[in-house]
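Content type mmCIF, C-alpha atoms, from the file entry.cif:
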```cif
data_input
#
loop_
_atom_site.label_atom_id
_atom_site.label_comp_id
_atom_site.auth_asym_id
_atom_site.auth_seq_id
_atom_site.Cartn_x
_atom_site.Cartn_y
_atom_site.Cartn_z
CA MET W 27 0.00 0.00 0.00
CA ALA W 28 1.31 3.39 -0.95
CA ASP W 29 2.40 5.71 1.81
CA ARG W 30 2.13 8.75 -0.41
CA ILE W 31 -0.51 10.27 -2.57
CA LYS W 32 -0.05 11.81 -5.98
CA PHE W 33 -0.80 15.44 -6.75
CA GLY W 34 -1.35 16.44 -10.36
CA ILE W 35 -0.69 20.11 -11.00
CA VAL W 36 -2.13 21.53 -14.20
CA VAL W 37 0.11 23.84 -16.21
CA PHE W 38 -1.68 26.32 -18.46
CA PRO W 39 0.16 28.86 -20.57
CA GLY W 40 0.47 31.70 -18.07
CA SER W 41 0.31 29.60 -14.89
CA ASN W 42 2.93 30.92 -12.50
CA CYS W 43 2.25 29.15 -9.21
CA ASP W 44 2.50 25.66 -10.68
CA HIS W 45 6.08 25.17 -9.51
CA ASP W 46 5.29 26.56 -6.06
CA ALA W 47 2.52 23.99 -5.75
CA TYR W 48 4.85 21.28 -7.05
CA HIS W 49 7.54 22.29 -4.54
CA ALA W 50 5.02 22.24 -1.71
CA CYS W 51 3.73 18.77 -2.59
CA LYS W 52 7.03 17.17 -3.53
CA ASN W 53 9.72 18.74 -1.36
CA ILE W 54 7.82 19.95 1.68
CA LEU W 55 5.04 17.39 2.09
CA HIS W 56 7.10 14.58 0.50
CA GLN W 57 4.31 13.38 -1.74
CA ASP W 58 4.36 12.38 -5.39
CA ALA W 59 3.69 15.24 -7.74
CA GLU W 60 3.51 15.63 -11.49
CA LEU W 61 2.89 18.62 -13.72
CA LEU W 62 0.01 18.11 -16.17
CA TRP W 63 0.20 19.98 -19.49
CA HIS W 64 -3.01 21.73 -20.53
CA LYS W 65 -3.01 20.15 -23.99
CA ASP W 66 -2.87 16.60 -22.64
CA ALA W 67 -6.17 15.00 -21.81
CA ASP W 68 -4.51 12.89 -19.11
CA LEU W 69 -4.44 13.31 -15.34
CA LYS W 70 -1.64 10.69 -15.01
CA GLN W 71 -3.41 8.86 -12.19
CA ALA W 72 -3.33 11.86 -9.87
CA ASP W 73 -5.21 11.42 -6.58
CA VAL W 74 -5.65 15.17 -6.13
CA VAL W 75 -5.70 17.75 -8.92
CA ILE W 76 -4.45 21.28 -8.29
CA LEU W 77 -5.39 24.15 -10.59
CA PRO W 78 -2.65 26.62 -9.70
CA GLY W 79 -2.52 30.39 -9.67
CA GLY W 80 -1.34 32.57 -12.50
CA PHE W 81 -2.77 34.20 -15.58
CA SER W 82 -3.90 31.28 -17.72
CA TYR W 83 -4.15 32.31 -21.36
CA GLY W 84 -3.20 35.84 -20.35
CA ASP W 85 -6.53 36.34 -18.56
CA TYR W 86 -7.95 37.05 -22.02
CA LEU W 87 -11.69 37.66 -22.21
CA ARG W 88 -12.23 36.90 -18.49
CA CYS W 89 -9.95 35.24 -15.94
CA GLY W 90 -10.28 31.50 -16.40
CA ALA W 91 -12.70 31.74 -19.33
CA ILE W 92 -10.38 30.25 -21.95
CA ALA W 93 -8.70 27.71 -19.69
CA ARG W 94 -12.04 26.07 -19.15
CA PHE W 95 -12.03 24.88 -22.77
CA SER W 96 -8.57 23.27 -22.69
CA PRO W 97 -8.27 19.49 -23.20
CA ILE W 98 -7.06 18.87 -19.64
CA MET W 99 -10.08 20.66 -18.20
CA GLN W 100 -12.46 18.18 -19.82
CA GLU W 101 -10.65 15.48 -17.81
CA VAL W 102 -10.64 17.61 -14.66
CA ILE W 103 -14.39 18.15 -14.99
CA ARG W 104 -14.94 14.41 -15.46
CA PHE W 105 -12.67 13.65 -12.48
CA ALA W 106 -14.53 16.17 -10.32
CA ASN W 107 -17.92 14.80 -11.33
CA ASP W 108 -16.70 11.33 -10.33
CA GLY W 109 -15.88 12.63 -6.85
CA GLY W 110 -12.15 13.29 -7.35
CA THR W 111 -10.48 15.91 -5.17
CA VAL W 112 -9.85 19.17 -7.01
CA ILE W 113 -8.51 22.37 -5.51
CA GLY W 114 -8.34 25.63 -7.45
CA ILE W 115 -6.10 28.32 -6.04
CA CYS W 116 -6.45 31.93 -7.18
CA ASN W 117 -6.59 31.67 -10.98
CA GLY W 118 -7.56 28.04 -10.38
CA PHE W 119 -10.61 29.26 -8.44
CA GLN W 120 -11.48 31.56 -11.33
CA ILE W 121 -11.23 28.60 -13.71
CA LEU W 122 -13.49 26.47 -11.49
CA VAL W 123 -16.26 29.08 -11.46
CA GLU W 124 -15.94 29.56 -15.21
CA ALA W 125 -16.20 25.78 -15.63
CA ARG W 126 -19.33 25.90 -13.43
CA LEU W 127 -17.81 23.43 -11.00
CA LEU W 128 -18.35 26.11 -8.35
CA PRO W 129 -21.03 28.79 -8.15
CA GLY W 130 -20.47 32.53 -8.42
CA VAL W 131 -17.86 34.68 -10.10
CA LEU W 132 -14.71 36.58 -9.16
CA LEU W 133 -15.03 40.24 -10.06
CA ARG W 134 -12.40 42.92 -10.25
CA ASN W 135 -11.22 43.89 -6.75
CA ALA W 136 -13.40 46.70 -5.40
CA SER W 137 -10.28 48.88 -5.07
CA LEU W 138 -9.30 48.13 -8.69
CA GLN W 139 -5.84 47.40 -7.29
CA PHE W 140 -3.88 44.18 -7.49
CA VAL W 141 -3.49 43.15 -3.85
CA CYS W 142 -0.48 41.13 -2.72
CA LYS W 143 -0.17 40.60 1.03
CA TYR W 144 -0.71 38.25 3.96
CA VAL W 145 -4.29 38.01 5.09
CA HIS W 146 -6.05 36.13 7.86
CA LEU W 147 -8.65 33.51 7.07
CA ARG W 148 -11.16 31.99 9.43
CA VAL W 149 -11.83 28.32 8.85
CA GLU W 150 -15.63 28.25 8.67
CA ASN W 151 -15.92 24.53 8.04
CA ALA W 152 -13.23 22.19 9.33
CA GLY W 153 -15.17 19.11 8.30
CA THR W 154 -14.00 18.99 4.70
CA ARG W 155 -11.28 16.98 3.02
CA PHE W 156 -9.40 20.27 2.53
CA THR W 157 -9.60 21.57 6.09
CA ASN W 158 -9.97 18.69 8.52
CA ALA W 159 -6.47 19.22 9.91
CA CYS W 160 -7.67 22.66 11.10
CA GLU W 161 -9.73 23.52 14.14
CA PRO W 162 -13.19 24.98 13.52
CA GLY W 163 -12.85 28.76 13.60
CA GLU W 164 -9.07 28.57 13.43
CA VAL W 165 -7.36 31.65 12.00
CA LEU W 166 -4.80 30.97 9.27
CA ALA W 167 -2.26 33.44 7.88
CA ILE W 168 -1.99 32.86 4.14
CA PRO W 169 -1.02 35.29 1.38
CA ILE W 170 -3.20 36.56 -1.43
CA ALA W 171 -2.04 38.01 -4.75
CA HIS W 172 -4.80 38.89 -7.18
CA GLY W 173 -6.60 41.62 -9.07
CA GLU W 174 -9.87 39.74 -9.54
CA GLY W 175 -10.81 38.07 -6.28
CA ASN W 176 -14.01 39.86 -5.41
CA TYR W 177 -16.39 36.95 -4.92
CA PHE W 178 -19.96 37.55 -6.00
CA THR W 179 -23.07 35.47 -6.37
CA ASP W 180 -26.83 35.98 -6.32
CA PRO W 181 -28.67 36.09 -2.96
CA GLU W 182 -30.26 32.65 -3.45
CA THR W 183 -26.91 31.00 -4.06
CA LEU W 184 -25.36 32.84 -1.12
CA ALA W 185 -28.15 31.58 1.15
CA LEU W 186 -27.57 28.05 -0.13
CA LEU W 187 -23.82 28.31 0.51
CA GLU W 188 -24.43 29.64 4.03
CA GLU W 189 -27.02 27.00 4.91
CA ASN W 190 -24.86 24.11 3.77
CA ASP W 191 -21.59 25.32 5.31
CA ARG W 192 -20.07 25.61 1.87
CA ILE W 193 -18.23 28.85 2.65
CA ILE W 194 -14.97 27.34 3.82
CA PHE W 195 -12.87 30.46 4.47
CA ARG W 196 -13.70 34.09 5.21
CA TYR W 197 -11.29 37.00 5.39
CA CYS W 198 -10.95 38.11 9.00
CA ASN W 199 -8.66 40.10 11.26
CA GLU W 200 -5.93 38.55 13.38
CA GLN W 201 -8.41 37.89 16.18
CA GLY W 202 -10.71 36.00 13.82
CA ASN W 203 -13.38 38.67 13.50
CA VAL W 204 -14.91 38.92 10.07
CA THR W 205 -14.92 42.67 9.48
CA GLU W 206 -15.15 44.99 6.51
CA ASP W 207 -11.63 46.24 7.18
CA ALA W 208 -10.33 42.68 6.88
CA ASN W 209 -11.90 42.25 3.45
CA PRO W 210 -9.08 42.84 0.94
CA ASN W 211 -11.09 42.82 -2.28
CA GLY W 212 -14.76 43.53 -1.61
CA SER W 213 -15.86 39.88 -1.60
CA LEU W 214 -19.45 39.24 -0.72
CA ALA W 215 -19.69 38.20 2.95
CA ASN W 216 -15.86 38.21 3.13
CA ILE W 217 -15.80 34.94 1.19
CA ALA W 218 -12.29 33.67 0.47
CA GLY W 219 -13.12 30.08 -0.49
CA VAL W 220 -16.14 27.91 -1.31
CA ILE W 221 -16.74 24.23 -1.88
CA ASN W 222 -19.11 22.39 -4.21
CA GLU W 223 -22.21 20.57 -3.03
CA GLN W 224 -20.50 17.17 -2.99
CA GLY W 225 -17.56 18.52 -1.00
CA ASN W 226 -14.81 17.41 -3.39
CA VAL W 227 -14.07 20.66 -5.24
CA LEU W 228 -12.69 23.69 -3.41
CA GLY W 229 -11.83 27.10 -4.80
CA MET W 230 -9.95 29.73 -2.82
CA MET W 231 -8.21 32.99 -3.64
CA PRO W 232 -5.42 32.76 -0.99
CA HIS W 233 -2.31 30.71 -1.75
CA PRO W 234 -1.73 27.86 0.73
CA GLU W 235 1.23 26.66 -1.37
CA ARG W 236 3.02 29.91 -0.52
CA ALA W 237 2.72 29.24 3.19
CA VAL W 238 4.41 25.86 3.61
CA ASP W 239 8.14 26.45 3.62
CA PRO W 240 9.90 27.26 6.92
CA LEU W 241 12.18 29.61 4.97
CA LEU W 242 9.16 31.83 4.42
CA ARG W 243 8.11 31.81 8.08
CA HIS W 244 4.38 31.27 7.58
CA MET W 245 3.38 27.63 7.36
CA ASP W 246 -0.37 27.57 7.88
CA GLY W 247 -0.90 26.43 4.30
CA ARG W 248 0.45 23.02 5.27
CA LYS W 249 -2.70 22.21 7.14
CA MET W 250 -4.62 22.20 3.91
CA PHE W 251 -2.16 19.88 2.22
CA GLN W 252 -2.17 17.65 5.30
CA SER W 253 -5.97 17.57 5.21
CA MET W 254 -6.01 16.49 1.57
CA ILE W 255 -3.35 13.84 2.10
CA GLU W 256 -4.84 12.38 5.25
CA SER W 257 -8.38 12.44 3.87
CA PHE W 258 -7.30 10.66 0.74
CA MET W 259 -5.39 8.02 2.65
CA SER W 260 -8.18 7.35 5.11
CA ARG W 261 -10.72 7.12 2.28
CA GLU W 262 -8.50 4.69 0.45
CA GLY W 263 -7.70 2.77 3.61
CA HIS W 264 -4.01 3.57 3.32
CA ALA W 265 -1.75 3.21 6.32
CA LEU W 266 -2.44 6.35 8.28
CA ASP W 267 0.38 5.85 10.74
CA VAL W 268 2.91 6.01 7.94
CA ALA W 269 1.28 9.14 6.61
CA GLY W 270 1.08 10.63 10.09
CA HIS W 271 4.72 9.90 10.63
CA SER W 272 5.92 11.45 7.40
CA LEU W 273 3.66 14.43 7.92
CA SER W 274 4.74 15.19 11.44
CA ALA W 275 8.33 14.91 10.26
CA ALA W 276 7.54 17.36 7.49
CA THR W 277 5.78 19.73 9.83
CA GLY W 278 8.80 20.15 12.07
CA GLY W 279 8.38 21.87 15.38
CA ARG W 280 6.28 24.80 14.31
CA ARG W 281 2.62 24.60 13.47
CA MET L 6 -21.08 36.57 -45.11
CA TYR L 7 -22.43 38.10 -41.94
CA LEU L 8 -20.86 40.36 -39.37
CA SER L 9 -21.82 39.90 -35.71
CA LYS L 10 -21.31 42.91 -33.45
CA ILE L 11 -21.50 42.05 -29.79
CA ARG L 12 -21.50 44.17 -26.67
CA VAL L 13 -20.88 42.56 -23.28
CA THR L 14 -21.63 44.65 -20.20
CA LEU L 15 -21.71 44.07 -16.47
CA ARG L 16 -25.23 43.37 -15.24
CA LYS L 17 -27.09 46.29 -13.72
CA SER L 18 -26.98 44.69 -10.26
CA ILE L 19 -23.17 44.49 -10.30
CA LEU L 20 -21.09 47.40 -9.07
CA ASP L 21 -18.66 48.55 -11.74
CA PRO L 22 -15.67 50.09 -9.96
CA GLN L 23 -13.97 50.83 -13.28
CA GLY L 24 -17.02 52.77 -14.39
CA LYS L 25 -17.01 54.64 -11.07
CA ALA L 26 -13.35 55.61 -11.54
CA VAL L 27 -14.07 56.89 -15.04
CA GLU L 28 -17.07 58.80 -13.72
CA GLN L 29 -14.82 60.60 -11.25
CA ALA L 30 -12.36 61.41 -14.01
CA VAL L 31 -15.16 62.84 -16.12
CA SER L 32 -16.21 65.13 -13.32
CA THR L 33 -12.57 66.17 -12.86
CA LEU L 34 -12.63 67.13 -16.53
CA GLY L 35 -15.22 69.68 -15.54
CA ILE L 36 -18.10 68.00 -17.35
CA LYS L 37 -21.17 67.95 -15.13
CA GLY L 38 -24.19 65.71 -15.03
CA VAL L 39 -22.53 62.46 -16.13
CA SER L 40 -23.68 59.40 -14.19
CA ASP L 41 -23.96 55.60 -14.42
CA VAL L 42 -20.73 55.06 -16.36
CA ARG L 43 -20.45 51.38 -17.24
CA ILE L 44 -17.48 49.73 -18.90
CA GLY L 45 -18.02 46.80 -21.23
CA LYS L 46 -16.43 44.87 -24.08
CA TYR L 47 -17.03 44.99 -27.78
CA VAL L 48 -16.45 41.89 -29.90
CA GLU L 49 -17.07 41.35 -33.59
CA PHE L 50 -16.59 38.48 -35.97
CA HIS L 51 -17.38 37.47 -39.50
CA MET L 52 -19.21 34.29 -40.28
CA ASP L 53 -19.03 32.57 -43.61
CA GLY L 54 -21.41 30.10 -45.23
CA ALA L 55 -24.33 30.71 -42.91
CA THR L 56 -27.82 32.08 -43.39
CA GLU L 57 -28.85 35.06 -41.29
CA ALA L 58 -30.81 32.80 -38.95
CA GLU L 59 -27.85 30.47 -38.54
CA ALA L 60 -25.47 33.36 -37.92
CA LYS L 61 -27.84 34.68 -35.29
CA GLN L 62 -28.12 31.32 -33.58
CA ALA L 63 -24.36 30.79 -33.63
CA THR L 64 -23.72 34.26 -32.22
CA GLU L 65 -26.21 33.60 -29.44
CA GLU L 66 -24.39 30.38 -28.56
CA VAL L 67 -20.94 32.03 -28.62
CA CYS L 68 -22.23 34.80 -26.35
CA LYS L 69 -23.89 32.45 -23.90
CA LYS L 70 -21.12 29.87 -23.66
CA LEU L 71 -18.01 31.98 -24.05
CA LEU L 72 -18.15 35.76 -24.43
CA ALA L 73 -20.38 36.54 -21.44
CA ASN L 74 -20.56 35.01 -18.00
CA PRO L 75 -24.30 35.15 -17.21
CA VAL L 76 -23.62 35.46 -13.48
CA MET L 77 -22.19 38.93 -13.97
CA GLU L 78 -22.67 39.98 -17.57
CA ASP L 79 -25.38 40.71 -20.15
CA TYR L 80 -24.85 40.71 -23.88
CA HIS L 81 -26.48 42.38 -26.87
CA PHE L 82 -25.67 41.81 -30.48
CA GLU L 83 -26.66 42.77 -33.96
CA ILE L 84 -25.99 41.03 -37.23
CA GLN L 85 -25.44 42.64 -40.58
CA LYS L 86 -24.58 41.51 -44.08
CA ALA L 87 -20.89 42.02 -44.76
#
```
Could I get this file's structure written as structure tokens?
Amino acid sequence: MADRIKFGIVVFPGSNCDHDAYHACKNILHQDAELLWHKDADLKQADVVILPGGFSYGDYLRCGAIARFSPIMQEVIRFANDGGTVIGICNGFQILVEARLLPGVLLRNASLQFVCKYVHLRVENAGTRFTNACEPGEVLAIPIAHGEGNYFTDPETLALLEENDRIIFRYCNEQGNVTEDANPNGSLANIAGVINEQGNVLGMMPHPERAVDPLLRHMDGRKMFQSMIESFMSREGHALDVAGHSLSAATGGRR
Amino acid sequence: MYLSKIRVTLRKSILDPQGKAVEQAVSTLGIKGVSDVRIGKYVEFHMDGATEAEAKQATEEVCKKLLANPVMEDYHFEIQKA
């Protein structure tokens, strides 16, 4: 039985966080990882698919609008519909909403500025395969870097997301209070990440892959990778102790 | 051959911060009474070997599936002989 899982990281023309995600999976979390070219209709047996950040297809037309039609996305959509774990980060989130795998849209930031900084996120639902290594209500420090991250949806969809605990992260202050001041981009209800109805597709604007390396001080992003790895292994009946061991080794002293 | 001329605009219910910024610039220009500035996109394409009805239907499909995101945008188009 494998003691690692395999991450597949999609590379679109214009992706620029693909190697960060690869580094996080391969060198920090010590998992298998493979880059998946957008023209190949092949997920190479990945257990988890990452749609990374960047400017796929130059953000032409709308962010994520063209990427949705690439050959690899047809496989990602099929994989997601079969229950496979898919996480879209930043531009990846934009692609997921354009592909209708997640509801809503990401509008231009209310300030019209590109915002690149550390923000605080409150974990609103720690019962998902992306967050179960977090405590409910835990505050994570994870960076954002985007110009179009202003989440918007209609009131009916928002109510549905609220009722079903599908808002996974909200922007908050350091104390965990969800305030207007803590909202970096004008997102509706401070939404930073949402999940699909089945719970296997997550989109988020912040970059967990940029908060995993001890060299960069912040390491809260690891919890999300740990959640995905442990959830996959427990679903597949893989040896959790092995995973737990390698993960705690990877985590080091600081959490 | 037909020419499709398409305008994509943010839906009325969506705040358009770009439009707001332009509105402020207009008032700085000293021109009064300008309001509700909205920024959109203009797209055009030629279509060969189609009847007018087919060109219309194809344009509708392109708008709906690609050029506009119905969650935030509306589209309008006209078709003319080219």
Given a cut-off of 9 Å, which residues of chain L touch chain W, counting only C-alpha atoms, written out as a PyMOL selection string?
-> chain L and resi 19-23+26+46+71-74+76-77
Give me the residues near Thr56 in chain L as a PDB file with C-alpha atoms, keeping the file's coordinate frame, where near means some atom within 9 Å (using all atoms listed in the file) and where sequence neighbours in that chain fewer than 4 positions away do not count.
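part_22.pdb, written as the output of this step:
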```pdb
ATOM      1  CA  MET L   6     -21.080  36.570 -45.110  1.00  0.00           C
ATOM      2  CA  TYR L   7     -22.430  38.100 -41.940  1.00  0.00           C
ATOM      3  CA  ALA L  60     -25.470  33.360 -37.920  1.00  0.00           C
ATOM      4  CA  LYS L  61     -27.840  34.680 -35.290  1.00  0.00           C
TER       5      LYS L  61
END
```
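Residue nearest Ala58 in chain L within the list L:Leu34, L:Pro75, L:Ile84, L:Ile44: L:Ile84 [criterion: smallest interatomic distance, all atoms listed in the file].
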Resolved residues for the PyMOL selection byres ((chain W and resi 173) around 8) as a list in words | Arg134, Asn135, Leu138, Gln139, Phe140, Val141, Ala171, His172, Glu174 and Gly175 of chain W
Kindly export the residues of the current selection with C-alpha atoms, as a PDB file, keeping the file's coordinate frame.
```
ATOM      1  CA  ARG W 134     -12.400  42.920 -10.250  1.00  0.00           C
ATOM      2  CA  ASN W 135     -11.220  43.890  -6.750  1.00  0.00           C
ATOM      3  CA  LEU W 138      -9.300  48.130  -8.690  1.00  0.00           C
ATOM      4  CA  GLN W 139      -5.840  47.400  -7.290  1.00  0.00           C
ATOM      5  CA  PHE W 140      -3.880  44.180  -7.490  1.00  0.00           C
ATOM      6  CA  VAL W 141      -3.490  43.150  -3.850  1.00  0.00           C
ATOM      7  CA  ALA W 171      -2.040  38.010  -4.750  1.00  0.00           C
ATOM      8  CA  HIS W 172      -4.800  38.890  -7.180  1.00  0.00           C
ATOM      9  CA  GLU W 174      -9.870  39.740  -9.540  1.00  0.00           C
ATOM     10  CA  GLY W 175     -10.810  38.070  -6.280  1.00  0.00           C
TER      11      GLY W 175
END
```
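Every protein or nucleic acid residue with an atom no more than 9 Å from range 246-250 of chain W, counting only C-alpha atoms and leaving out same-chain residues fewer than 3 positions away, appears here: W:Ala50, W:Ile54, W:Leu55, W:Arg155, W:Phe156, W:Thr157, W:Asn158, W:Ala159, W:Cys160, W:Leu166, W:Ala167, W:Ile168, W:His233, W:Pro234, W:Glu235, W:Arg236, W:Ala237, W:Val238, W:Asp239, W:Ser253, W:Met254, W:Ile255, W:Thr277, W:Arg281.
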For range 40-43 of chain L, list every protein, DNA or RNA residue within 8 Å, evaluated using only C-alpha atoms, and leave out those in the same chain fewer than 2 positions away; present the list as an MDAnalysis selection string.
-> chainID L and resid 14:15 21 23:25 27:28 38 45
Do you have the CA of Asn216 in chain W-CA of Asn176 in chain W distance handy?
-> 8.9 Å
